[in-house]
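Q: Mind having a look at this structure? Questions to follow.
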Protein chains: 2
Amino acid sequence: MKRITIKDVARELNVAVSTVSRAFNDKYDIRKETREMILKRATEMGYHPNPIAKKLIQQKTYNVGVVVPEFVNAYFPEVIIGIQEVLIKKGYQVLVMQSNENPATELENVKTLEDNMVDGLLISLSGESLNNEYYAGMLKKGYPIVFFNRVDEKIPASKVVFDDYKWAYFATEHLIKQGYRKIYHFSGYQHLSLSRNRINGYRKAMEKFNVPFDPHYIIEAGFFMHEGQAVMERLIEKEDVPQAIFAANDPVAIGVIKALKKAGLRIPDDVAVVGFSESKMAEIVDPPLSSVSQPTFEIGKSAAELLMRQIEADGFAPSETLVLDGKLNIRASSIKMI
Amino acid sequence: MKRITIKDVARELNVAVSTVSRAFNDKYDIRKETREMILKRATEMGYHPNPIAKKLIQQKTYNVGVVVPEFVNAYFPEVIIGIQEVLIKKGYQVLVMQSNENPATELENVKTLEDNMVDGLLISLSGESLNNEYYAGMLKKGYPIVFFNRVDEKIPASKVVFDDYKWAYFATEHLIKQGYRKIYHFSGYQHLSLSRNRINGYRKAMEKFNVPFDPHYIIEAGFFMHEGQAVMERLIEKEDVPQAIFAANDPVAIGVIKALKKAGLRIPDDVAVVGFSESKMAEIVDPPLSSVSQPTFEIGKSAAELLMRQIEADGFAPSETLVLDGKLNIRASSIKMI
DNA sequence: AAAGTTTTCGGAAACGTTTTCGGAAACGTT
DNA sequence: AACGTTTCCGAAAACGTTTCCGAAAACTTT
């Protein structure tokens with residue numbers, strides 16, 4: 001599988017290597033006719049400039065790395081599509097790795113990517129604070145990094161986040177306005193600020209509308225269906241069933257629905273449910289699930305654009321934080337039937 | 001952002017560049033003590049061998065490219081996880097690109113990946129036959145390619161496929177045994193052999209059990225929810241409602257369910273539904289959807305292993321085709337209630 | 001102690017580009 | 001005709017490695 005190199009072309013056409021290079025890089029130091037001649041004959045010969053050699057000399061790979069906690073739920077794939085949308089247009093390749101909700105593998109991922117000389121990194125944290133010193137070090141060296149979705153406020157980098165506080169507030173408000181009082185919140189992993197923001201939004205709404213509130217209304221569930229189901233089953237067992245549940249995300253909400261159905265409880269008549277981060281399942285599940293929808297595609301696009309800005313400024317553009325907005329889709333799972 | 005190079009290390013430690021290289025590559029031509037000394041001091045200095053330079057000289061990138069039609073449904077992400085599982089262990093990076101169900105962008109993807117000197121390619125076709133000459137040319141040059149899921153029989157390469165024929169047969173058989181007679185098949189895009197295999201499995205079952213069959217029982221729907229929904233709505237409008245439907249995949253099946261519900265038809269009492277390629281939604285939808293489950297993870301693993309074999313044999317290992325097996329999960333959507 | 005082996009290391013070429021530098025050719029100006 | 005500019009191109013260095021070749025050093029053997 002012998003590749004044709006620039007030398008082969010130069011020899012064949014009786015010109016210097018540098019001339020061929022100039023032809024391909026559209027530099028000014030070349031006569032139009034020779035450039036066209038070279039381009040024509042070289043492509044005839046099937047010549048492709050070797051990108052590895054180019055990267056070596058230019059010290060730039062035109063690759064960026066993306067690290068996400070997981071890959072299976074639709075959320076991150078959608079974000080990644082947004083990322084690719086802008087980066088591929090700019091001639092960048094996107095390397096995706098998953099950290100499996102594990103900060104240690106996250107760090108490994110980052111190092112592999114770094115070893116591969118990616119020009120920049122887009123990261124959604126598996127856990128906060130654990131790799132902070134490492135990221136801080138990279139940022140100080142001018143390595144372009146943008147965090148999205150799961151971020152750590154303490155890291156001084158560009159970020160793209162969703163307004164979790166606000167939409168948790170609205171989701172809770174919706175339940176309150178429907179007349180529900182005993183509203184529980186099944187939160188995500190509380191070591192993530194995203195989860196804490198949603199908790200705060202929930203609490204704010206409860207306070208604002210003077211709904212009696214007890215700290216044990218907030219239960220850490222996580223992000224997966226089985227976790228939501230388990231928490232709900234435990235409550236049913238304890239006969240501590242709330243009137244409504246605001247869940248950390250859709251899978252958890254659906255787990256809740258499964259548990260409720262199994263126990264013979266009706267939704268929303270007995271218990272209302274609201275999810276978060278709108279997934280395809282929201283429309284499919286029975287009853288259809290109310291949920292806050294996030295602009296996943298735009299999150300990806302914005303993060304990629306911020307990263308481009310950092311890369312073009314060699315990592316020393318002022319860092320900015322983008323807070324994106326969502327929408328509350330109200331469906332049957334949370335409409336009071338009276 | 002100055003990187004520390006092998007020269008810096010050599011100068012600092014008063015040894016030759018080649019010695020440092022040997023230390024890092026664990027070659028025999030070096031004394032144990034010097035090796036350890038170099039390793040220790042070099043890592044202290046924060047030296048990382050530059051992978052780009054390594055690739056340039058070794059003519060190997062330790063990258064492989066994966067091209068899939070889409071990225072949003074869970075199917076391909078699950079396969080990709082299987083792929084990564086084996087490749088990352090072997091020190092390979094996985095570059096994922098999506099062709100958007102478009103053979104032209106598929107070809108572009110492949111060329112970009114090729115330009116990036118990936119050591120091999122894993123491809124699931126957007127459309128068959130259109131890029132065949134190109135793939136044939138690459139294979140002839142010894143470029144390692146393995147196709148999976150959506151393949152073209154006419155391309156002489158290693159492949160990993162699901163036994164679509166067999167499991168379409170079983171799915172249909174199940175419906176027949178439940179007592180349904182007028183069974184329609186909503187097929188996938190018929191330019192894919194995968195779809196044609198499922199059609200043939202369906203027909204075979206109908207013939208075998210002497211169920212009256214008419215060619216118009218087979219309707220091309222596609223792979224997306226809205227497509228299944230549209231086809232079903234058209235049938236309802238025409239008052240040509242079958243007793244049961246075997247759908248090309250789960251999204252189509254769920255689209256069917258949506259249409260049926262909207263029309264006030266009950267599942268499975270009025271119409272039974274069976275899906276294919278088991279998705280998370282199958283358990284969530286109401287009623288739970290019977291579906292054939294594919295071993296997505298294993299498909300990815302097997303494809304990656306076949307590719308490794310090709311890469312290690314420099315693209316000239318005999319090509320093999322793996323046909324993987326599945327399982328029929330019977331749920332409420334297809335159980336005759338009598 | 002000389003000769004032969006083996007181990008260990010340094011020097012230099014190579015991988016395929018881009019880019020700097022300098023010089024030749026072409027052109028215009030006086 | 002002599003000179004200064006500009007345009008175009010070639011030679012060579014550089015990017016950071018690995019690897020080949022040969023030589024020095026350290027052992028063995030006689």
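Convention: chains lettered A, B, ... in structure tokens order; per-chain residue numbering from 1; ligands numbered from 1 as shown.
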When you get a sec, could you note down which chain A residues fall within 8 Å of chain D, using only C-alpha atoms (C1' of nucleotides), as an NGL selection string?
A: :A and (16 or 18-19 or 29-31 or 56-59)
Q: Mind dumping the selected residues with N, CA and C atoms as a PDB file, in the first residue's frame?
A:
```pdb
ATOM      1  N   ALA A  16      10.660  21.418  -8.023  1.00  0.00           N
ATOM      2  CA  ALA A  16      11.132  21.175  -6.672  1.00  0.00           C
ATOM      3  C   ALA A  16       9.974  20.787  -5.770  1.00  0.00           C
ATOM      4  N   SER A  18       9.315  21.980  -2.973  1.00  0.00           N
ATOM      5  CA  SER A  18       8.677  23.166  -2.400  1.00  0.00           C
ATOM      6  C   SER A  18       7.633  23.741  -3.348  1.00  0.00           C
ATOM      7  N   THR A  19       7.886  23.621  -4.621  1.00  0.00           N
ATOM      8  CA  THR A  19       6.932  24.150  -5.592  1.00  0.00           C
ATOM      9  C   THR A  19       5.611  23.386  -5.520  1.00  0.00           C
ATOM     10  N   ASP A  29       3.616  32.703  -3.839  1.00  0.00           N
ATOM     11  CA  ASP A  29       4.916  32.568  -4.506  1.00  0.00           C
ATOM     12  C   ASP A  29       4.934  31.585  -5.669  1.00  0.00           C
ATOM     13  N   ILE A  30       3.877  31.550  -6.427  1.00  0.00           N
ATOM     14  CA  ILE A  30       3.869  30.583  -7.519  1.00  0.00           C
ATOM     15  C   ILE A  30       3.058  31.118  -8.701  1.00  0.00           C
ATOM     16  N   ARG A  31       3.549  30.801  -9.881  1.00  0.00           N
ATOM     17  CA  ARG A  31       2.852  31.272 -11.085  1.00  0.00           C
ATOM     18  C   ARG A  31       1.580  30.457 -11.262  1.00  0.00           C
ATOM     19  N   LEU A  56       2.753  17.346  11.894  1.00  0.00           N
ATOM     20  CA  LEU A  56       4.031  17.374  12.600  1.00  0.00           C
ATOM     21  C   LEU A  56       4.684  18.741  12.456  1.00  0.00           C
ATOM     22  N   ILE A  57       4.667  19.251  11.270  1.00  0.00           N
ATOM     23  CA  ILE A  57       5.382  20.509  11.057  1.00  0.00           C
ATOM     24  C   ILE A  57       4.556  21.711  11.497  1.00  0.00           C
ATOM     25  N   GLN A  58       3.243  21.577  11.374  1.00  0.00           N
ATOM     26  CA  GLN A  58       2.412  22.725  11.744  1.00  0.00           C
ATOM     27  C   GLN A  58       2.061  22.742  13.225  1.00  0.00           C
ATOM     28  N   GLN A  59       2.376  21.669  13.895  1.00  0.00           N
ATOM     29  CA  GLN A  59       2.075  21.576  15.329  1.00  0.00           C
ATOM     30  C   GLN A  59       0.597  21.794  15.604  1.00  0.00           C
TER      31      GLN A  59
END
```
Q: For the structure I just gave you, how does DSSP split segment 233-330 of chain A - specifically, which residues are alpha helix (DSSP H)? Reply as a PyMOL selection string.
A: chain A and resi 233-237+250-262+281-284+296-312
Q: Check segment 24-263 of chain A with DSSP on the backbone and list each residue it calls strand (DSSP E or B), as a PyMOL selection string.
A: chain A and resi 63-68+93-98+120-123+145-148+158-162+183-187+218-220+244-247
Q: Would you output that residue set with N, CA and C atoms, as a compact mmCIF listing (two decimals), in the first residue's frame?
A:
```
# COMPACT_ATOMS: atom_id res chain seq x y z
N ASN A 63 -7.77 18.24 15.17
CA ASN A 63 -8.62 17.29 15.87
C ASN A 63 -9.06 17.94 17.17
N VAL A 64 -10.30 17.73 17.57
CA VAL A 64 -10.65 18.10 18.93
C VAL A 64 -11.26 16.89 19.61
N GLY A 65 -11.06 16.82 20.91
CA GLY A 65 -11.56 15.70 21.68
C GLY A 65 -12.82 16.06 22.43
N VAL A 66 -13.72 15.10 22.53
CA VAL A 66 -14.93 15.29 23.31
C VAL A 66 -15.00 14.17 24.35
N VAL A 67 -15.18 14.53 25.60
CA VAL A 67 -15.31 13.52 26.65
C VAL A 67 -16.67 13.67 27.31
N VAL A 68 -17.46 12.62 27.27
CA VAL A 68 -18.77 12.65 27.91
C VAL A 68 -18.88 11.49 28.90
N GLN A 93 -11.68 17.35 12.99
CA GLN A 93 -12.21 16.03 13.27
C GLN A 93 -12.59 15.97 14.75
N VAL A 94 -13.59 15.18 15.04
CA VAL A 94 -14.08 15.08 16.41
C VAL A 94 -13.84 13.68 16.96
N LEU A 95 -13.03 13.58 17.98
CA LEU A 95 -12.81 12.30 18.63
C LEU A 95 -13.65 12.23 19.89
N VAL A 96 -14.49 11.22 19.98
CA VAL A 96 -15.39 11.11 21.11
C VAL A 96 -14.94 9.99 22.04
N MET A 97 -14.90 10.27 23.31
CA MET A 97 -14.62 9.20 24.27
C MET A 97 -15.61 9.30 25.43
N GLN A 98 -15.86 8.16 26.06
CA GLN A 98 -16.79 8.19 27.19
C GLN A 98 -16.08 7.78 28.47
N GLY A 120 -7.93 20.99 21.02
CA GLY A 120 -8.80 21.49 22.08
C GLY A 120 -9.67 20.39 22.61
N LEU A 121 -10.33 20.68 23.73
CA LEU A 121 -11.08 19.65 24.43
C LEU A 121 -12.46 20.18 24.82
N LEU A 122 -13.46 19.33 24.63
CA LEU A 122 -14.80 19.64 25.11
C LEU A 122 -15.15 18.58 26.13
N ILE A 123 -15.46 19.01 27.35
CA ILE A 123 -15.62 18.04 28.43
C ILE A 123 -16.93 18.24 29.17
N ILE A 145 -9.88 24.52 26.50
CA ILE A 145 -10.88 23.57 27.00
C ILE A 145 -12.19 24.32 27.21
N VAL A 146 -13.29 23.69 26.80
CA VAL A 146 -14.61 24.23 27.11
C VAL A 146 -15.41 23.13 27.78
N PHE A 147 -16.04 23.49 28.88
CA PHE A 147 -16.87 22.53 29.59
C PHE A 147 -18.34 22.76 29.24
N PHE A 148 -19.10 21.68 29.25
CA PHE A 148 -20.52 21.85 28.96
C PHE A 148 -21.36 20.89 29.80
N SER A 158 -14.18 28.51 29.79
CA SER A 158 -15.45 28.77 29.14
C SER A 158 -16.39 27.60 29.38
N LYS A 159 -17.67 27.92 29.54
CA LYS A 159 -18.65 26.88 29.85
C LYS A 159 -19.96 27.14 29.11
N VAL A 160 -20.64 26.05 28.82
CA VAL A 160 -22.00 26.16 28.30
C VAL A 160 -22.89 25.32 29.20
N VAL A 161 -23.85 25.96 29.82
CA VAL A 161 -24.72 25.22 30.72
C VAL A 161 -26.19 25.53 30.44
N PHE A 162 -27.01 24.72 31.02
CA PHE A 162 -28.44 24.92 30.93
C PHE A 162 -28.88 25.63 32.21
N ILE A 183 -44.98 17.67 47.23
CA ILE A 183 -44.20 17.43 46.01
C ILE A 183 -42.78 17.03 46.40
N TYR A 184 -42.38 15.86 45.94
CA TYR A 184 -41.02 15.39 46.21
C TYR A 184 -40.12 15.69 45.02
N HIS A 185 -38.83 15.80 45.33
CA HIS A 185 -37.86 15.93 44.23
C HIS A 185 -36.88 14.77 44.30
N PHE A 186 -36.85 13.98 43.22
CA PHE A 186 -35.84 12.92 43.10
C PHE A 186 -34.66 13.54 42.37
N SER A 187 -33.62 13.82 43.12
CA SER A 187 -32.52 14.59 42.53
C SER A 187 -31.49 13.69 41.85
N ILE A 218 -36.56 15.79 49.47
CA ILE A 218 -35.52 15.68 48.44
C ILE A 218 -34.76 14.38 48.64
N ILE A 219 -34.81 13.53 47.64
CA ILE A 219 -34.15 12.23 47.73
C ILE A 219 -33.20 12.08 46.55
N GLU A 220 -31.97 11.73 46.84
CA GLU A 220 -31.01 11.55 45.75
C GLU A 220 -31.29 10.23 45.05
N ALA A 244 -46.98 14.38 44.13
CA ALA A 244 -46.31 14.65 42.85
C ALA A 244 -44.82 14.48 43.01
N ILE A 245 -44.17 14.18 41.89
CA ILE A 245 -42.72 14.01 41.91
C ILE A 245 -42.11 14.79 40.76
N PHE A 246 -41.10 15.58 41.12
CA PHE A 246 -40.30 16.24 40.10
C PHE A 246 -38.97 15.48 40.04
N ALA A 247 -38.74 14.83 38.92
CA ALA A 247 -37.58 13.93 38.81
C ALA A 247 -36.39 14.63 38.14
```
Q: Pull the closest atom pair for each residue of chain B that gets at most 9 Å from chain A, along with the distance in Å to one decimal, counting only C-alpha atoms, ordering rows by chain and then ascending residue number, as a Markdown table.
A:
```
| residue | atom | partner | partner_atom | distance |
| --- | --- | --- | --- | --- |
| B:Met1 | CA | A:Lys141 | CA | 5.9 |
| B:His48 | CA | A:Asp115 | CA | 7.4 |
| B:Pro49 | CA | A:Asp115 | CA | 8.1 |
| B:Asn50 | CA | A:Asp115 | CA | 7.1 |
| B:Pro51 | CA | A:Asn116 | CA | 6.1 |
| B:Ile52 | CA | A:Leu56 | CA | 5.9 |
| B:Ala53 | CA | A:Leu56 | CA | 6.2 |
| B:Lys55 | CA | A:Ile52 | CA | 7.1 |
| B:Leu56 | CA | A:Ile52 | CA | 5.9 |
| B:Thr61 | CA | A:Ile52 | CA | 8.7 |
| B:Phe71 | CA | A:Pro77 | CA | 6.5 |
| B:Val72 | CA | A:Pro77 | CA | 6.2 |
| B:Asn73 | CA | A:Ala74 | CA | 7.2 |
| B:Ala74 | CA | A:Val72 | CA | 6.3 |
| B:Tyr75 | CA | A:Val72 | CA | 9.0 |
| B:Pro77 | CA | A:Val72 | CA | 6.1 |
| B:Glu78 | CA | A:Val72 | CA | 6.5 |
| B:Ile81 | CA | A:Phe71 | CA | 8.0 |
| B:Gln84 | CA | A:Met97 | CA | 8.8 |
| B:Gln93 | CA | A:Leu95 | CA | 8.1 |
| B:Val94 | CA | A:Leu95 | CA | 7.1 |
| B:Leu95 | CA | A:Leu95 | CA | 5.3 |
| B:Val96 | CA | A:Leu95 | CA | 6.9 |
| B:Met97 | CA | A:Val94 | CA | 8.2 |
| B:Gln98 | CA | A:Ile81 | CA | 8.9 |
| B:Thr112 | CA | A:Gln93 | CA | 8.7 |
| B:Leu113 | CA | A:Gln93 | CA | 8.9 |
| B:Asp115 | CA | A:Pro51 | CA | 6.6 |
| B:Asn116 | CA | A:Pro51 | CA | 6.1 |
| B:Met117 | CA | A:Pro51 | CA | 7.7 |
| B:Lys141 | CA | A:Met1 | CA | 5.9 |
| B:Gly142 | CA | A:Met1 | CA | 6.7 |
| B:Tyr143 | CA | A:Met1 | CA | 7.8 |
| B:Ile254 | CA | A:Ile284 | CA | 7.7 |
| B:Lys258 | CA | A:Ile284 | CA | 8.3 |
| B:Lys280 | CA | A:Met281 | CA | 8.7 |
| B:Met281 | CA | A:Met281 | CA | 6.6 |
| B:Ile284 | CA | A:Val285 | CA | 5.4 |
| B:Val285 | CA | A:Val285 | CA | 4.9 |
| B:Asp286 | CA | A:Asp286 | CA | 5.6 |
| B:Pro287 | CA | A:Asp286 | CA | 8.3 |
```
Q: Would you write out, as CSV, a table of all residues in chain C that have an atom no more than 7 Å from an atom of chain A, listing for each the closest atom pair and the distance in Å to one decimal, considering only C-alpha atoms (C1' of nucleotides) and ordering rows by chain and rising residue number?
A:
```
residue,atom,partner,partner_atom,distance
C:DG16,C1',A:Ala53,CA,5.1
C:DT17,C1',A:Ala53,CA,4.8
C:DT18,C1',A:Ile57,CA,6.5
```
Q: Grab the residues selected above and save them as a PDB file, in the first residue's frame with N, CA and C atoms (P, O5', C5', C4', C3', O3' and C1' of nucleotides).
A:
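Output file selection-v9.pdb follows:
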```
ATOM      1  P    DG C  16       7.164   8.652   3.162  1.00  0.00           P
ATOM      2  O5'  DG C  16       6.548  10.121   3.231  1.00  0.00           O
ATOM      3  C5'  DG C  16       5.342  10.301   3.931  1.00  0.00           C
ATOM      4  C4'  DG C  16       5.086  11.783   4.073  1.00  0.00           C
ATOM      5  C3'  DG C  16       5.096  12.553   2.748  1.00  0.00           C
ATOM      6  O3'  DG C  16       3.968  13.394   2.735  1.00  0.00           O
ATOM      7  C1'  DG C  16       6.547  13.578   4.278  1.00  0.00           C
ATOM      8  P    DT C  17       3.492  14.120   1.421  1.00  0.00           P
ATOM      9  O5'  DT C  17       2.989  15.493   2.031  1.00  0.00           O
ATOM     10  C5'  DT C  17       3.809  16.631   1.979  1.00  0.00           C
ATOM     11  C4'  DT C  17       3.855  17.277   3.330  1.00  0.00           C
ATOM     12  C3'  DT C  17       4.030  18.781   3.271  1.00  0.00           C
ATOM     13  O3'  DT C  17       2.757  19.381   3.416  1.00  0.00           O
ATOM     14  C1'  DT C  17       5.613  17.783   4.780  1.00  0.00           C
ATOM     15  P    DT C  18       2.535  20.845   2.830  1.00  0.00           P
ATOM     16  O5'  DT C  18       3.401  21.749   3.816  1.00  0.00           O
ATOM     17  C5'  DT C  18       2.938  21.954   5.145  1.00  0.00           C
ATOM     18  C4'  DT C  18       3.916  22.859   5.864  1.00  0.00           C
ATOM     19  C3'  DT C  18       3.953  24.297   5.341  1.00  0.00           C
ATOM     20  O3'  DT C  18       4.006  25.134   6.483  1.00  0.00           O
ATOM     21  C1'  DT C  18       6.123  23.361   5.278  1.00  0.00           C
TER      22       DT C  18
END
```
